[in-house]
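Student: Data file upload.cif (mmCIF, C-alpha atoms) is appended below.
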data_run
#
loop_
_atom_site.group_PDB
_atom_site.id
_atom_site.type_symbol
_atom_site.label_atom_id
_atom_site.label_comp_id
_atom_site.auth_asym_id
_atom_site.auth_seq_id
_atom_site.Cartn_x
_atom_site.Cartn_y
_atom_site.Cartn_z
ATOM 1 C CA MET A 1 114.069 81.344 91.829
ATOM 2 C CA GLU A 2 110.340 82.044 92.028
ATOM 3 C CA ASP A 3 109.471 79.336 89.492
ATOM 4 C CA CYS A 4 111.742 76.850 91.268
ATOM 5 C CA VAL A 5 109.926 77.207 94.590
ATOM 6 C CA ARG A 6 106.536 77.184 92.869
ATOM 7 C CA ALA A 7 107.518 74.033 90.937
ATOM 8 C CA ILE A 8 108.453 72.219 94.142
ATOM 9 C CA ASN A 9 105.113 73.170 95.689
ATOM 10 C CA PHE A 10 103.324 72.091 92.493
ATOM 11 C CA ILE A 11 105.036 68.684 92.589
ATOM 12 C CA LEU A 12 104.096 68.211 96.233
ATOM 13 C CA GLU A 13 100.489 69.320 95.719
ATOM 14 C CA LYS A 14 100.026 67.097 92.635
ATOM 15 C CA ASP A 15 101.909 64.190 94.249
ATOM 16 C CA LEU A 16 104.078 63.836 91.135
ATOM 17 C CA PHE A 17 106.287 61.096 92.509
ATOM 18 C CA ASN A 18 105.787 58.826 89.533
ATOM 19 C CA GLY A 19 109.373 58.173 88.475
ATOM 20 C CA GLU A 20 109.069 60.572 85.526
ATOM 21 C CA LEU A 21 111.635 63.242 84.728
ATOM 22 C CA TYR A 22 110.457 66.821 84.259
ATOM 23 C CA ASN A 23 112.439 69.824 83.069
ATOM 24 C CA VAL A 24 111.563 72.908 85.062
ATOM 25 C CA LEU A 25 112.721 76.227 83.694
ATOM 26 C CA THR A 26 111.419 79.692 83.119
ATOM 27 C CA LYS A 27 113.212 80.205 79.818
ATOM 28 C CA ASN A 28 116.335 79.101 77.947
ATOM 29 C CA TYR A 29 118.615 82.040 78.753
ATOM 30 C CA THR A 30 122.018 82.539 77.157
ATOM 31 C CA VAL A 31 125.163 83.505 79.031
ATOM 32 C CA GLU A 32 124.877 86.911 77.364
ATOM 33 C CA ASP A 33 121.295 87.296 78.689
ATOM 34 C CA ILE A 34 122.548 86.679 82.218
ATOM 35 C CA VAL A 35 125.596 88.938 81.911
ATOM 36 C CA THR A 36 123.489 91.765 80.467
ATOM 37 C CA GLY A 37 121.006 91.354 83.300
ATOM 38 C CA ILE A 38 123.731 91.425 85.947
ATOM 39 C CA LYS A 39 125.216 94.575 84.404
ATOM 40 C CA GLU A 40 121.897 96.349 85.010
ATOM 41 C CA PHE A 41 122.535 95.955 88.750
ATOM 42 C CA ILE A 42 126.324 96.209 88.672
ATOM 43 C CA PRO A 43 127.037 98.738 85.901
ATOM 44 C CA GLY A 44 130.802 98.707 86.437
ATOM 45 C CA LEU A 45 131.012 94.943 86.064
ATOM 46 C CA GLN A 46 133.907 93.947 83.837
ATOM 47 C CA VAL A 47 133.504 90.655 82.017
ATOM 48 C CA THR A 48 136.339 89.028 80.133
ATOM 49 C CA TYR A 49 135.570 86.278 77.670
ATOM 50 C CA VAL A 50 138.370 83.806 77.041
ATOM 51 C CA ASP A 51 138.922 81.503 74.118
ATOM 52 C CA SER A 52 139.489 78.334 76.054
ATOM 53 C CA PRO A 53 138.295 74.796 75.435
ATOM 54 C CA ILE A 54 135.605 73.649 77.825
ATOM 55 C CA MET A 55 134.380 70.175 78.572
ATOM 56 C CA ASN A 56 131.188 70.644 76.634
ATOM 57 C CA GLN A 57 130.863 73.436 74.098
ATOM 58 C CA LEU A 58 127.385 72.447 73.024
ATOM 59 C CA SER A 59 124.457 74.706 73.708
ATOM 60 C CA TYR A 60 121.218 73.151 74.858
ATOM 61 C CA ASP A 61 117.597 74.173 74.709
ATOM 62 C CA VAL A 62 115.704 72.532 77.528
ATOM 63 C CA ASP A 63 112.075 71.647 76.884
ATOM 64 C CA ASN A 64 109.646 72.141 79.760
ATOM 65 C CA SER A 65 106.464 71.396 77.800
ATOM 66 C CA LYS A 66 105.915 68.068 79.595
ATOM 67 C CA PHE A 67 105.799 69.843 82.957
ATOM 68 C CA LYS A 68 103.658 72.681 81.621
ATOM 69 C CA LYS A 69 101.137 70.163 80.220
ATOM 70 C CA LEU A 70 100.465 69.157 83.825
ATOM 71 C CA GLY A 71 99.222 72.690 84.481
ATOM 72 C CA PHE A 72 102.338 74.488 85.707
ATOM 73 C CA GLU A 73 102.668 78.076 84.519
ATOM 74 C CA VAL A 74 106.039 79.806 84.483
ATOM 75 C CA LYS A 75 105.945 83.283 85.962
ATOM 76 C CA GLY A 76 109.579 83.978 86.781
ATOM 77 C CA ASP A 77 111.322 87.167 85.759
ATOM 78 C CA LEU A 78 115.062 87.162 85.047
ATOM 79 C CA ARG A 79 115.618 90.781 86.055
ATOM 80 C CA LYS A 80 113.733 90.368 89.341
ATOM 81 C CA SER A 81 115.549 87.124 90.196
ATOM 82 C CA LEU A 82 118.955 88.578 89.421
ATOM 83 C CA GLY A 83 118.201 91.611 91.568
ATOM 84 C CA GLU A 84 117.120 89.450 94.495
ATOM 85 C CA ASN A 85 120.183 87.214 94.234
ATOM 86 C CA ILE A 86 122.588 90.123 93.874
ATOM 87 C CA SER A 87 120.999 91.770 96.899
ATOM 88 C CA VAL A 88 121.428 88.624 98.997
ATOM 89 C CA LEU A 89 124.984 87.993 97.827
ATOM 90 C CA SER A 90 126.077 91.606 98.352
ATOM 91 C CA GLY A 91 125.437 91.106 102.067
ATOM 92 C CA ILE A 92 128.055 88.348 102.316
#
Render the structure in this file as structure tokens.
Tutor:
Amino acid sequence: MEDCVRAINFILEKDLFNGELYNVLTKNYTVEDIVTGIKEFIPGLQVTYVDSPIMNQLSYDVDNSKFKKLGFEVKGDLRKSLGENISVLSGI
């Protein structure tokens, strides 16, 4: 989440309203990366994987080099972001 907010501020500060498309991401995480991270905060979490067709079974790597070339530095941390989100959602 940290990089998302910083990216919006970066776009506003640099006035990047030029019709270009930019990929903004901290890293290409896998589902397993996310699940493992969540389990650090919710140790009893039970995850069941199913063998079911999905609309798109392709995996993608998103390239953010174009945005980084403009001077944006990613600083986000998966563990920190997951912890913050879990904390917020646990209050619902």
Student: Kindly indicate which residue among A:Lys27, A:Gly44, A:Leu70, A:Ser90 lies nearest to Lys14 (chain A), using only C-alpha atoms for the distances.
Tutor: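 Of the candidates, the smallest distance to Lys14 (chain A) is held by A:Leu70.
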Student: Find the residues around Leu21 (chain A) up to 12 Å (all atoms listed in the file counted), leave out those fewer than 2 positions away in its own chain, and share them as a VMD selection string.
Tutor: chain A and resid 11 16 to 19 23 to 24 63 to 67
Student: Using only C-alpha atoms, which of A:Ile34, A:Ile92, A:Leu25, A:Ile54 sits nearest Cys4 (chain A)?
Tutor: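 Residue with the minimum atom-to-atom distance to Cys4 (chain A): A:Leu25.
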Student: For Ser87 (chain A), find every residue with an atom within 12 Å (counting all atoms listed in the file), except residues of its own chain fewer than 5 positions away, and show them as number ranges by chain.
Tutor: A: 38, 41-42, 80-82, 92
Student: At a cut-off of 8 Å, using only C-alpha atoms, what residues contact region 6-8 of chain A? Leave out same-chain residues fewer than 4 positions from it and give the result as a ChimeraX atom specification.
Tutor: /A:2,12,24,72
Student: Edge lengths and centre, in Å to one decimal, as AutoDock Vina command-line options: that's what I need for the box along x, y and z that holds all listed atoms of region 75-80 of chain A plus 4 Å on each side.
Tutor:
--center_x 110.8 --center_y 87.0 --center_z 87.2 --size_x 17.7 --size_y 15.5 --size_z 12.3
Student: Using Å and a single decimal, report how far CA of Val31 (chain A) sits from CA of Tyr60 (chain A).
Tutor: 11.8 Å
Student: Can you pull out the residues contacting Lys39 (chain A)? Cut-off 12 Å, using all atoms listed in the file, and skip same-chain residues under 5 positions away; I want them as an NGL selection string.
Tutor: :A and (32-34 or 44-47 or 79 or 82-83 or 86)
Student: When distances are computed from only C-alpha atoms, which of A:Leu78, A:Asn9, A:Asp61, A:Pro43 shows the smallest separation from Asn28 (chain A)?
Tutor: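 Of all the options, A:Asp61 lies closest to Asn28 (chain A).
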Student: When you draw a straight line from CA of Thr30 (chain A) to CA of Val62 (chain A), how long is it in Å?
Tutor: 11.8 Å
Student: With only C-alpha atoms as the basis for distance, which of A:Glu13, A:Glu20, A:Thr26, A:Glu40 is at the shortest distance from Glu73 (chain A)?
Tutor: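 Answer, going by the shortest atom-to-atom distance: A:Thr26.
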Student: Smallest atom-to-atom distance to Thr48 (chain A): which of A:Gly91, A:Val5, A:Val35, A:Gly71, using all atoms listed in the file?
Tutor: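 Answer, going by the shortest atom-to-atom distance: A:Val35.
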Student: Distance CA of Lys68 (chain A)-CA of Phe10 (chain A), one decimal place?
Tutor: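 Between CA of Lys68 (chain A) and CA of Phe10 (chain A) the gap works out to 10.9 Å.
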